file model.tsv (TSV, C-alpha atoms and all ligand atoms)
chain	number	residue	atom	x	y	z
X	1	MET	CA	-11.72	-17.78	-15.95
X	2	ARG	CA	-10.46	-14.20	-15.87
X	3	ASN	CA	-6.75	-14.67	-15.33
X	4	ILE	CA	-4.45	-11.77	-14.40
X	5	THR	CA	-0.76	-12.50	-14.02
X	6	VAL	CA	0.62	-10.25	-11.30
X	7	GLY	CA	4.23	-9.42	-10.49
X	8	ALA	CA	4.73	-8.33	-6.87
X	9	ALA	CA	7.94	-6.32	-7.27
X	10	GLN	CA	9.67	-5.91	-3.93
X	11	LEU	CA	12.35	-3.23	-3.60
X	12	GLY	CA	15.29	-3.73	-1.30
X	13	PRO	CA	16.48	-0.74	0.71
X	14	ILE	CA	16.80	2.72	-0.83
X	15	GLN	CA	19.39	4.79	0.98
X	16	LYS	CA	18.76	8.47	1.65
X	17	ALA	CA	21.47	9.44	-0.83
X	18	GLU	CA	20.11	7.28	-3.68
X	19	GLY	CA	18.58	9.32	-6.49
X	20	ARG	CA	15.26	8.67	-8.18
X	21	GLN	CA	16.90	7.83	-11.52
X	22	ASN	CA	18.76	4.94	-9.93
X	23	VAL	CA	15.63	3.67	-8.20
X	24	VAL	CA	13.64	3.88	-11.43
X	25	ALA	CA	16.35	1.83	-13.18
X	26	ARG	CA	15.96	-0.83	-10.46
X	27	MET	CA	12.18	-0.78	-10.94
X	28	ILE	CA	12.58	-1.25	-14.70
X	29	THR	CA	14.82	-4.28	-14.10
X	30	LEU	CA	12.04	-5.82	-11.97
X	31	LEU	CA	9.41	-4.85	-14.53
X	32	ASP	CA	11.44	-6.52	-17.32
X	33	GLU	CA	11.71	-9.71	-15.26
X	34	ALA	CA	8.00	-9.76	-14.44
X	35	ALA	CA	7.05	-9.02	-18.07
X	36	SER	CA	9.31	-11.86	-19.28
X	37	LYS	CA	7.21	-14.14	-17.03
X	38	GLY	CA	3.97	-12.89	-18.54
X	39	ALA	CA	2.89	-10.26	-16.03
X	40	ASP	CA	-0.14	-8.14	-16.92
X	41	LEU	CA	0.32	-6.00	-13.83
X	42	VAL	CA	3.40	-5.16	-11.73
X	43	VAL	CA	2.91	-3.84	-8.19
X	44	PHE	CA	5.65	-1.76	-6.51
X	45	PRO	CA	5.83	-0.57	-2.87
X	46	GLU	CA	4.71	2.50	-0.96
X	47	LEU	CA	6.97	5.56	-1.51
X	48	ALA	CA	8.78	3.52	-4.13
X	49	LEU	CA	10.91	6.31	-5.56
X	50	THR	CA	12.82	7.29	-2.42
X	51	THR	CA	13.94	6.13	0.97
X	52	PHE	CA	11.20	6.07	3.64
X	53	PHE	CA	11.85	9.75	4.40
X	54	PRO	CA	9.18	10.16	7.15
X	55	ARG	CA	11.70	8.66	9.56
X	56	TRP	CA	13.72	11.89	9.26
X	57	TYR	CA	12.70	14.98	11.24
X	58	MET	CA	12.81	18.04	8.97
X	59	THR	CA	11.78	21.67	9.41
X	60	ASP	CA	13.06	23.23	6.20
X	61	SER	CA	10.23	23.40	3.65
X	62	ALA	CA	12.57	23.16	0.64
X	63	GLU	CA	14.15	20.03	2.10
X	64	ILE	CA	10.70	18.54	2.77
X	65	ASP	CA	9.52	19.41	-0.73
X	66	SER	CA	12.53	17.66	-2.26
X	67	TRP	CA	10.95	14.30	-1.33
X	68	PHE	CA	7.67	15.07	-3.13
X	69	GLU	CA	6.69	14.68	-6.80
X	70	LYS	CA	5.02	17.78	-8.20
X	71	GLU	CA	3.85	16.05	-11.37
X	72	MET	CA	3.37	12.47	-12.47
X	73	PRO	CA	4.94	11.25	-14.62
X	74	ASN	CA	7.96	13.52	-14.38
X	75	ALA	CA	11.33	13.29	-16.09
X	76	ALA	CA	12.78	10.85	-13.55
X	77	VAL	CA	9.79	8.47	-13.72
X	78	GLN	CA	9.01	8.72	-17.46
X	79	PRO	CA	11.38	5.81	-18.34
X	80	LEU	CA	9.29	3.53	-16.10
X	81	PHE	CA	6.06	4.60	-17.84
X	82	ASP	CA	7.75	4.05	-21.24
X	83	ALA	CA	9.05	0.59	-20.29
X	84	ALA	CA	5.65	-0.47	-18.95
X	85	ARG	CA	3.87	0.66	-22.12
X	86	LYS	CA	6.48	-1.11	-24.27
X	87	HIS	CA	5.76	-4.35	-22.39
X	88	GLY	CA	2.00	-3.76	-22.49
X	89	CYS	CA	2.06	-4.09	-18.72
X	90	ALA	CA	0.02	-2.15	-16.15
X	91	ILE	CA	1.91	-0.87	-13.10
X	92	THR	CA	1.07	0.56	-9.71
X	93	PHE	CA	3.46	2.31	-7.33
X	94	GLY	CA	3.51	4.71	-4.42
X	95	PHE	CA	5.09	8.15	-4.16
X	96	ALA	CA	4.88	11.36	-2.14
X	97	GLU	CA	2.56	13.75	-3.97
X	98	LYS	CA	2.50	17.55	-3.74
X	99	THR	CA	-0.56	18.89	-5.53
X	100	PRO	CA	-0.55	22.10	-7.61
X	101	ASP	CA	-2.53	23.82	-4.81
X	102	GLY	CA	0.01	22.82	-2.17
X	103	HIS	CA	-1.40	19.70	-0.51
X	104	TYR	CA	0.79	16.77	0.52
X	105	PHE	CA	-0.31	13.13	0.28
X	106	ASN	CA	1.12	9.62	0.47
X	107	THR	CA	-0.23	8.44	-2.87
X	108	SER	CA	-0.45	5.39	-5.15
X	109	ILE	CA	-1.38	5.40	-8.81
X	110	PHE	CA	-2.50	2.64	-11.15
X	111	VAL	CA	-1.18	3.03	-14.70
X	112	ASP	CA	-3.00	0.94	-17.30
X	113	LYS	CA	-1.42	-1.01	-20.18
X	114	GLU	CA	-1.73	2.03	-22.45
X	115	GLY	CA	0.18	4.21	-20.00
X	116	ASN	CA	-2.84	6.18	-18.72
X	117	ILE	CA	-3.29	6.86	-15.01
X	118	ALA	CA	-6.47	4.83	-14.47
X	119	GLY	CA	-6.63	5.09	-10.68
X	120	LYS	CA	-5.32	7.17	-7.82
X	121	TYR	CA	-5.43	6.59	-4.06
X	122	ARG	CA	-4.22	8.80	-1.20
X	123	LYS	CA	-3.39	7.08	2.09
X	124	VAL	CA	-6.17	7.52	4.63
X	125	HIS	CA	-4.68	5.98	7.80
X	126	LEU	CA	-1.46	7.85	8.60
X	127	PRO	CA	0.51	6.18	11.40
X	128	GLY	CA	3.06	7.74	13.71
X	129	HIS	CA	3.19	11.31	15.00
X	130	SER	CA	3.87	14.87	13.88
X	131	GLU	CA	6.50	16.18	16.34
X	132	TRP	CA	9.87	14.83	17.51
X	133	ASP	CA	9.25	12.21	20.19
X	134	ASP	CA	12.07	11.36	22.61
X	135	ASN	CA	10.22	8.29	23.79
X	136	ARG	CA	10.61	6.54	20.46
X	137	ALA	CA	13.57	4.47	19.36
X	138	PHE	CA	13.18	6.18	15.98
X	139	GLN	CA	10.78	8.65	14.46
X	140	HIS	CA	7.77	7.85	12.23
X	141	LEU	CA	6.56	11.27	11.07
X	142	GLU	CA	3.86	10.52	8.53
X	143	LYS	CA	1.41	12.77	10.40
X	144	ARG	CA	3.95	15.61	10.01
X	145	TYR	CA	4.46	15.35	6.27
X	146	PHE	CA	1.14	14.09	4.87
X	147	GLU	CA	-2.53	15.01	5.06
X	148	PRO	CA	-5.09	12.18	5.34
X	149	GLY	CA	-6.20	11.09	1.89
X	150	ASP	CA	-9.22	12.90	0.45
X	151	LEU	CA	-10.32	10.37	-2.16
X	152	GLY	CA	-11.85	7.66	0.01
X	153	PHE	CA	-11.25	4.10	-1.20
X	154	PRO	CA	-12.20	4.19	-4.88
X	155	VAL	CA	-12.19	1.12	-7.11
X	156	TYR	CA	-11.83	1.15	-10.87
X	157	ARG	CA	-12.55	-1.13	-13.79
X	158	THR	CA	-9.39	-2.15	-15.63
X	159	LEU	CA	-7.73	-5.34	-16.92
X	160	GLY	CA	-11.17	-6.96	-17.12
X	161	GLY	CA	-11.78	-6.70	-13.39
X	162	ILE	CA	-12.42	-4.38	-10.43
X	163	PHE	CA	-9.28	-3.12	-8.72
X	164	GLY	CA	-8.60	-1.02	-5.63
X	165	MET	CA	-5.57	0.26	-3.72
X	166	CYS	CA	-4.59	0.99	-0.17
X	167	ILE	CA	-1.22	1.81	1.40
X	168	CYS	CA	0.68	0.13	4.23
X	169	ASN	CA	-1.00	0.99	7.57
X	170	ASP	CA	-4.41	0.98	5.82
X	171	ARG	CA	-4.17	-2.82	5.68
X	172	ARG	CA	-4.54	-3.06	9.46
X	173	TRP	CA	-8.03	-1.50	9.35
X	174	PRO	CA	-10.97	-3.74	8.34
X	175	GLU	CA	-12.85	-0.64	7.16
X	176	THR	CA	-10.31	-0.26	4.33
X	177	PHE	CA	-11.14	-3.62	2.81
X	178	ARG	CA	-14.86	-3.48	3.58
X	179	VAL	CA	-15.39	-0.15	1.80
X	180	MET	CA	-13.76	-1.64	-1.29
X	181	GLY	CA	-15.57	-4.94	-0.74
X	182	LEU	CA	-18.85	-3.03	-0.88
X	183	GLN	CA	-17.82	-1.93	-4.38
X	184	ASN	CA	-17.23	-5.56	-5.41
X	185	VAL	CA	-13.46	-5.21	-5.52
X	186	GLU	CA	-11.70	-8.26	-6.96
X	187	MET	CA	-8.07	-7.33	-6.37
X	188	VAL	CA	-6.58	-4.95	-3.81
X	189	THR	CA	-2.96	-3.90	-4.36
X	190	LEU	CA	-0.82	-2.21	-1.73
X	191	GLY	CA	2.74	-1.32	-0.91
X	192	PHE	CA	4.29	-1.01	2.52
X	193	ASN	CA	7.33	0.23	4.45
X	194	THR	CA	7.04	-1.50	7.82
X	195	PRO	CA	9.86	-1.07	10.34
X	196	SER	CA	10.78	-4.51	11.67
X	197	VAL	CA	10.49	-3.25	15.23
X	198	ASN	CA	7.92	-0.88	16.69
X	199	SER	CA	9.12	2.71	17.09
X	200	GLU	CA	7.75	2.85	20.65
X	201	LYS	CA	10.61	1.67	22.87
X	202	GLY	CA	10.03	-1.88	24.09
X	203	GLY	CA	7.55	-2.53	21.28
X	204	GLU	CA	7.01	-5.68	19.29
X	205	GLY	CA	9.66	-7.41	17.15
X	206	ILE	CA	9.76	-8.71	13.59
X	207	GLU	CA	8.00	-12.07	14.12
X	208	GLN	CA	4.99	-10.37	15.67
X	209	ARG	CA	5.02	-7.71	12.95
X	210	LEU	CA	5.05	-10.31	10.17
X	211	PHE	CA	2.26	-12.20	11.93
X	212	HIS	CA	0.04	-9.11	12.16
X	213	HIS	CA	0.84	-8.26	8.53
X	214	ARG	CA	-0.25	-11.68	7.27
X	215	LEU	CA	-3.25	-11.78	9.63
X	216	SER	CA	-4.57	-8.42	8.38
X	217	LEU	CA	-4.13	-9.26	4.71
X	218	GLN	CA	-5.59	-12.76	4.98
X	219	ALA	CA	-8.61	-11.48	6.92
X	220	GLY	CA	-9.16	-8.61	4.48
X	221	ALA	CA	-9.01	-10.97	1.51
X	222	TYR	CA	-11.29	-13.64	3.01
X	223	GLN	CA	-13.90	-11.33	4.53
X	224	ASN	CA	-14.32	-9.46	1.25
X	225	ALA	CA	-13.65	-12.33	-1.18
X	226	THR	CA	-10.86	-10.49	-2.98
X	227	TRP	CA	-7.31	-11.10	-4.10
X	228	VAL	CA	-4.72	-9.06	-2.17
X	229	VAL	CA	-1.24	-8.26	-3.47
X	230	ALA	CA	1.07	-6.71	-0.86
X	231	VAL	CA	4.56	-5.50	-1.71
X	232	ALA	CA	7.38	-4.48	0.63
X	233	LYS	CA	10.19	-2.06	0.59
X	234	ALA	CA	12.56	-4.07	2.73
X	235	GLY	CA	16.00	-4.22	4.28
X	236	SER	CA	18.20	-1.69	6.01
X	237	GLU	CA	17.82	1.95	4.92
X	238	ASP	CA	20.56	4.00	6.59
X	239	ASP	CA	20.54	1.53	9.52
X	240	HIS	CA	16.74	1.55	9.83
X	241	HIS	CA	15.43	-1.94	9.12
X	242	LEU	CA	12.22	-2.59	7.17
X	243	MET	CA	10.68	-6.07	7.16
X	244	GLY	CA	9.99	-8.04	3.97
X	245	GLY	CA	6.86	-10.16	3.57
X	246	THR	CA	5.85	-9.45	-0.04
X	247	LEU	CA	2.94	-11.83	-0.64
X	248	ILE	CA	-0.24	-12.63	-2.55
X	249	VAL	CA	-3.44	-13.80	-0.83
X	250	ASP	CA	-6.32	-15.54	-2.63
X	251	PRO	CA	-10.02	-14.76	-2.01
X	252	ASN	CA	-10.22	-17.61	0.52
X	253	GLY	CA	-7.51	-15.99	2.62
X	254	HIS	CA	-4.73	-18.41	1.68
X	255	ILE	CA	-1.25	-17.06	1.02
X	256	VAL	CA	-0.47	-18.41	-2.46
X	257	GLY	CA	3.07	-17.06	-2.65
X	258	GLU	CA	5.52	-15.16	-0.46
X	259	LEU	CA	8.86	-13.71	-1.56
X	260	PRO	CA	11.75	-14.62	0.72
X	261	GLY	CA	14.44	-12.11	1.64
X	262	GLU	CA	14.77	-8.33	1.69
X	263	ASP	CA	16.32	-7.56	-1.72
X	264	ASP	CA	14.90	-6.46	-5.05
X	265	GLY	CA	12.85	-9.38	-6.39
X	266	VAL	CA	9.60	-10.35	-8.10
X	267	LEU	CA	6.93	-12.84	-7.11
X	268	VAL	CA	4.79	-13.76	-10.14
X	269	HIS	CA	1.42	-15.44	-9.75
X	270	THR	CA	-1.59	-15.92	-12.01
X	271	CYS	CA	-4.80	-14.90	-10.25
X	272	ASP	CA	-8.25	-15.89	-11.54
X	273	LEU	CA	-10.59	-13.02	-10.70
X	274	ASP	CA	-13.54	-15.42	-11.01
X	275	GLU	CA	-12.31	-17.09	-7.79
X	276	THR	CA	-13.85	-14.11	-5.98
X	277	LYS	CA	-17.35	-15.19	-7.06
X	278	PHE	CA	-17.88	-17.99	-4.56
X	279	GLY	CA	-17.28	-15.89	-1.45
X	280	LYS	CA	-19.18	-12.92	-2.86
X	281	SER	CA	-22.25	-15.05	-3.59
X	282	THR	CA	-22.30	-17.18	-0.42
X	283	ILE	CA	-21.02	-16.34	3.07
X	284	PHE	CA	-20.03	-12.78	2.12
X	285	ASP	CA	-23.05	-11.99	-0.03
X	286	PHE	CA	-23.32	-8.59	1.64
X	287	ALA	CA	-26.78	-7.75	0.26
X	288	ARG	CA	-28.32	-10.81	1.93
X	289	HIS	CA	-26.46	-10.91	5.24
X	290	ARG	CA	-25.20	-7.50	6.42
X	291	ARG	CA	-27.24	-5.75	9.12
X	292	ILE	CA	-26.33	-2.10	8.72
X	293	GLU	CA	-28.92	-1.03	11.30
X	294	HIS	CA	-26.44	-2.33	13.90
X	295	TYR	CA	-23.28	-0.80	12.44
X	296	GLY	CA	-23.95	2.88	13.15
X	297	LEU	CA	-21.08	3.27	15.64
X	298	ILE	CA	-18.59	2.48	12.90
X	299	THR	CA	-19.16	5.89	11.34
X	300	GLU	CA	-20.56	7.80	14.34
X	301	ARG	CA	-17.65	7.19	16.71
X	302	THR	CA	-13.90	7.40	16.08
X	303	GLY	CA	-12.32	6.34	19.39
X	304	ALA	CA	-13.50	3.64	21.77
X	305	GLU	CA	-15.59	4.76	24.75
X	306	GLU	CA	-16.52	3.00	27.97
X	307	PRO	CA	-20.14	1.81	28.12
X	308	ALA	CA	-22.53	3.83	30.33
X	309	GLU	CA	-22.65	2.65	34.00
X	401	LIG	N1	4.39	2.99	6.32
X	401	LIG	C1	3.55	2.58	7.29
X	401	LIG	O1	2.37	2.87	7.26
X	401	LIG	N2	4.09	1.87	8.28
X	401	LIG	C2	3.34	1.47	9.44
X	401	LIG	C3	4.25	1.47	10.61
X	401	LIG	C4	3.51	1.78	11.83
X	401	LIG	S1	4.57	2.04	13.21
X	401	LIG	C5	4.39	3.71	13.54
X	401	LIG	C6	2.68	0.11	9.29
X	401	LIG	O2	1.52	-0.01	9.71
X	401	LIG	O3	3.29	-0.83	8.79
call {"tool": "encode", "arguments": {"input": "model.tsv", "output": "structure tokens"}}
result
Amino acid sequence: MRNITVGAAQLGPIQKAEGRQNVVARMITLLDEAASKGADLVVFPELALTTFFPRWYMTDSAEIDSWFEKEMPNAAVQPLFDAARKHGCAITFGFAEKTPDGHYFNTSIFVDKEGNIAGKYRKVHLPGHSEWDDNRAFQHLEKRYFEPGDLGFPVYRTLGGIFGMCICNDRRWPETFRVMGLQNVEMVTLGFNTPSVNSEKGGEGIEQRLFHHRLSLQAGAYQNATWVVAVAKAGSEDDHHLMGGTLIVDPNGHIVGELPGEDDGVLVHTCDLDETKFGKSTIFDFARHRRIEHYGLITERTGAEEPAE
């Protein structure tokens, strides 16, 4: 057995006016609770330090920059790093990153038990649009504020296993999980901010959204024989509602725990990384069964095309 006790630390809503220091204090409260229950790793959501600001249309570069972290850790976040190291607990969380050379990413980092940044991921699949869109009930401007991630889907050895990250919309794409599966990933962690209704007017509602969320995560876990830990920012941010659905999926695709509600809270579960071995050595033994000579279109073609007449 290679047991990892994971705390999936859901954040309730963060209002636009709430400062990072306050949010970090909330995160430390969740970290303390998870650590008191034996957590080795605590997973926080996408853009954990602020409200989901891509819903707001902005043109002023100073205003836009105010939502981004220029260094990590910084003074506001250092208390979280200190608390995690004191507990001997690894953490992962998402934030908006502005690089020293002026690039903007939707990023997650993995901080190991010693407080070192052991992994970094920049969101590849950016949903939404880049300009104001009258046809939407609300705006989702990730394509305006972020560049597509430039790091691929790396995995990293830590906590005695192989870990990888993705962020929110990435979970809907099988390629995300497969690229990490091909690196023998044993646990994928991710955070999400998912509006409970679609921004396109007349779009789907919360039940359908939760269904697609679970479906994507369960399929990704099963088809790649990996644990998946998915953590929400939930509830109503300045009258914009985000669904909950913080959950943990085992390598057979079963949901082993789901946090009810839309407030701050922690779901703690012990995951045996050796449970990934059966799937990886049988039905999803990629080396024996994949037929890459038939998969060329996956990387040659982006959008779907009609077959030739
Ligand atoms: N944050 C994020 O990626 N949210 C998307 C919403 C898509 S609707 C434009 C998601 O896939 O959950």
call {"tool": "residues_around", "arguments": {"input": "model.tsv", "residues": "X:Asp60", "least_positions_apart": "6", "cutoff": "12 Å", "atoms": "only C-alpha atoms", "output": "PyMOL selection string"}}
result
chain X and resi 66-67+145
call {"tool": "residues_near_ligand", "arguments": {"input": "model.tsv", "ligand": "ligand LIG 401 (chain X)", "cutoff": "7 Å", "atoms": "only C-alpha atoms and all ligand atoms", "output": "ChimeraX atom specification"}}
result
/X:126-128,140,167-169,172,192-195,198-199
call {"tool": "closest_atom_pairs", "arguments": {"input": "model.tsv", "of": "stretch 62-163 of chain X", "to": "stretch 223-233 of chain X", "cutoff": "12 Å", "atoms": "all atoms listed in the file", "output": "JSON lines"}}
result
{"residue": "X:Thr92", "atom": "CA", "partner": "X:Val231", "partner_atom": "CA", "distance": 10.6}
{"residue": "X:Phe93", "atom": "CA", "partner": "X:Val231", "partner_atom": "CA", "distance": 9.7}
{"residue": "X:Gly94", "atom": "CA", "partner": "X:Val231", "partner_atom": "CA", "distance": 10.6}
{"residue": "X:Gly161", "atom": "CA", "partner": "X:Thr226", "partner_atom": "CA", "distance": 11.1}
{"residue": "X:Ile162", "atom": "CA", "partner": "X:Thr226", "partner_atom": "CA", "distance": 9.8}
{"residue": "X:Phe163", "atom": "CA", "partner": "X:Trp227", "partner_atom": "CA", "distance": 9.4}
call {"tool": "axis_aligned_box", "arguments": {"input": "model.tsv", "around": "stretch 61-78 of chain X", "padding_each_side": "5 Å", "output": "AutoDock Vina command-line options"}}
result
--center_x 8.8 --center_y 15.9 --center_z -6.9 --size_x 20.8 --size_y 24.9 --size_z 31.1
call {"tool": "closest_residue", "arguments": {"input": "model.tsv", "among": "X:Arg171, X:Arg214, X:Lys113, X:His129", "to": "X:Ala83", "atoms": "all atoms listed in the file"}}
result
X:Lys113
call {"tool": "closest_residue", "arguments": {"input": "model.tsv", "among": "X:Glu33, X:Asp112, X:Glu18, X:Asp40", "to": "X:Thr270", "atoms": "all atoms listed in the file"}}
result
X:Asp40
call {"tool": "residues_around", "arguments": {"input": "model.tsv", "residues": "X:Ser130", "least_positions_apart": "3", "cutoff": "8 Å", "atoms": "all atoms listed in the file", "output": "ChimeraX atom specification"}}
result
/X:141-145
call {"tool": "write_last_selection", "arguments": {"input": "model.tsv", "atoms": "C-alpha atoms", "output": "short mmCIF file (atom, residue, chain, number, x, y, z; two decimals), keeping the file's coordinate frame"}}
result
data_model
loop_
_atom_site.label_atom_id
_atom_site.label_comp_id
_atom_site.auth_asym_id
_atom_site.auth_seq_id
_atom_site.Cartn_x
_atom_site.Cartn_y
_atom_site.Cartn_z
CA LEU X 141 6.56 11.27 11.07
CA GLU X 142 3.86 10.52 8.53
CA LYS X 143 1.41 12.77 10.40
CA ARG X 144 3.95 15.61 10.01
CA TYR X 145 4.46 15.35 6.27
#
call {"tool": "residues_around", "arguments": {"input": "model.tsv", "residues": "X:Phe95", "least_positions_apart": "2", "cutoff": "10 Å", "atoms": "only C-alpha atoms", "output": "ChimeraX atom specification"}}
result
/X:45-50,67-69,72,93,97-98,105-109,122
call {"tool": "residues_near_point", "arguments": {"input": "model.tsv", "point": "(3.0, -5.0, -25.7)", "cutoff": "10 Å", "atoms": "all atoms listed in the file", "output": "number ranges by chain"}}
result
X: 35, 40, 83-89, 113-114
call {"tool": "atom_distance", "arguments": {"input": "model.tsv", "atom1": "atom CA of X:Gly181", "atom2": "atom CA of X:Phe146"}}
result
25.9 Å
call {"tool": "residues_around", "arguments": {"input": "model.tsv", "residues": "X:Val111", "least_positions_apart": "3", "cutoff": "8 Å", "atoms": "all atoms listed in the file", "output": "number ranges by chain"}}
result
X: 90-92, 114-119
call {"tool": "closest_residue", "arguments": {"input": "model.tsv", "among": "X:His212, X:Asp134, X:Phe284, X:Ala8", "to": "X:Ile248", "atoms": "all atoms listed in the file"}}
result
X:Ala8
call {"tool": "residues_near_point", "arguments": {"input": "model.tsv", "point": "(16.6, -3.2, -10.7)", "cutoff": "12 Å", "atoms": "only C-alpha atoms", "output": "VMD selection string"}}
result
chain X and resid 9 to 14 21 to 34 44 80 263 to 266
call {"tool": "atom_distance", "arguments": {"input": "model.tsv", "atom1": "atom CA of X:Pro100", "atom2": "atom CA of X:Asp65"}}
result
12.5 Å
call {"tool": "closest_residue", "arguments": {"input": "model.tsv", "among": "X:Pro79, X:Pro73, X:Gly160, X:Pro174", "to": "X:Gly220", "atoms": "all atoms listed in the file"}}
result
X:Pro174
call {"tool": "atom_distance", "arguments": {"input": "model.tsv", "atom1": "atom CA of X:Ser236", "atom2": "atom CA of X:Trp56"}}
result
14.7 Å
call {"tool": "closest_residue", "arguments": {"input": "model.tsv", "among": "X:Met58, X:Val6, X:Val77, X:Leu273", "to": "X:Ala39", "atoms": "all atoms listed in the file"}}
result
X:Val6
call {"tool": "closest_residue", "arguments": {"input": "model.tsv", "among": "X:Asp285, X:Asp239, X:Glu200, X:Asp274", "to": "X:Arg136", "atoms": "only C-alpha atoms"}}
result
X:Glu200
call {"tool": "decode", "arguments": {"input": "model.tsv", "residues": "stretch 254-273 of chain X", "atoms": "N, CA and C atoms", "output": "short mmCIF file (atom, residue, chain, number, x, y, z; two decimals), in the first residue's frame"}}
result
data_model
loop_
_atom_site.label_atom_id
_atom_site.label_comp_id
_atom_site.auth_asym_id
_atom_site.auth_seq_id
_atom_site.Cartn_x
_atom_site.Cartn_y
_atom_site.Cartn_z
N HIS X 254 -15.00 5.14 -9.61
CA HIS X 254 -16.05 5.34 -8.60
C HIS X 254 -15.80 6.63 -7.83
N ILE X 255 -16.87 7.37 -7.57
CA ILE X 255 -16.77 8.53 -6.67
C ILE X 255 -16.73 7.99 -5.24
N VAL X 256 -15.63 8.23 -4.53
CA VAL X 256 -15.48 7.69 -3.18
C VAL X 256 -15.89 8.70 -2.12
N GLY X 257 -16.08 9.95 -2.50
CA GLY X 257 -16.55 10.95 -1.55
C GLY X 257 -16.91 12.21 -2.29
N GLU X 258 -17.99 12.87 -1.86
CA GLU X 258 -18.39 14.14 -2.48
C GLU X 258 -18.85 15.07 -1.37
N LEU X 259 -18.36 16.29 -1.40
CA LEU X 259 -18.68 17.26 -0.35
C LEU X 259 -20.01 17.92 -0.66
N PRO X 260 -20.97 17.87 0.26
CA PRO X 260 -22.23 18.57 -0.01
C PRO X 260 -22.08 20.08 0.20
N GLY X 261 -22.95 20.85 -0.41
CA GLY X 261 -23.01 22.28 -0.12
C GLY X 261 -22.04 23.12 -0.92
N GLU X 262 -22.08 24.42 -0.64
CA GLU X 262 -21.32 25.41 -1.43
C GLU X 262 -20.50 26.34 -0.55
N ASP X 263 -20.21 25.88 0.69
CA ASP X 263 -19.43 26.70 1.62
C ASP X 263 -18.00 26.19 1.71
N ASP X 264 -17.17 26.91 2.47
CA ASP X 264 -15.85 26.39 2.82
C ASP X 264 -16.03 25.04 3.51
N GLY X 265 -15.23 24.06 3.12
CA GLY X 265 -15.32 22.74 3.76
C GLY X 265 -14.26 21.82 3.20
N VAL X 266 -13.97 20.73 3.95
CA VAL X 266 -12.92 19.80 3.53
C VAL X 266 -13.46 18.38 3.49
N LEU X 267 -13.15 17.70 2.41
CA LEU X 267 -13.43 16.28 2.25
C LEU X 267 -12.10 15.56 2.38
N VAL X 268 -11.97 14.67 3.38
CA VAL X 268 -10.69 13.97 3.60
C VAL X 268 -10.87 12.50 3.25
N HIS X 269 -9.94 11.99 2.47
CA HIS X 269 -10.02 10.58 2.06
C HIS X 269 -8.61 10.03 1.91
N THR X 270 -8.42 8.78 2.35
CA THR X 270 -7.12 8.13 2.17
C THR X 270 -7.13 7.33 0.87
N CYS X 271 -6.17 7.63 0.02
CA CYS X 271 -6.11 7.04 -1.32
C CYS X 271 -4.86 6.16 -1.40
N ASP X 272 -5.04 4.91 -1.78
CA ASP X 272 -3.89 4.00 -1.96
C ASP X 272 -3.44 4.08 -3.41
N LEU X 273 -2.27 4.64 -3.64
CA LEU X 273 -1.79 4.81 -5.01
C LEU X 273 -1.58 3.47 -5.70
#
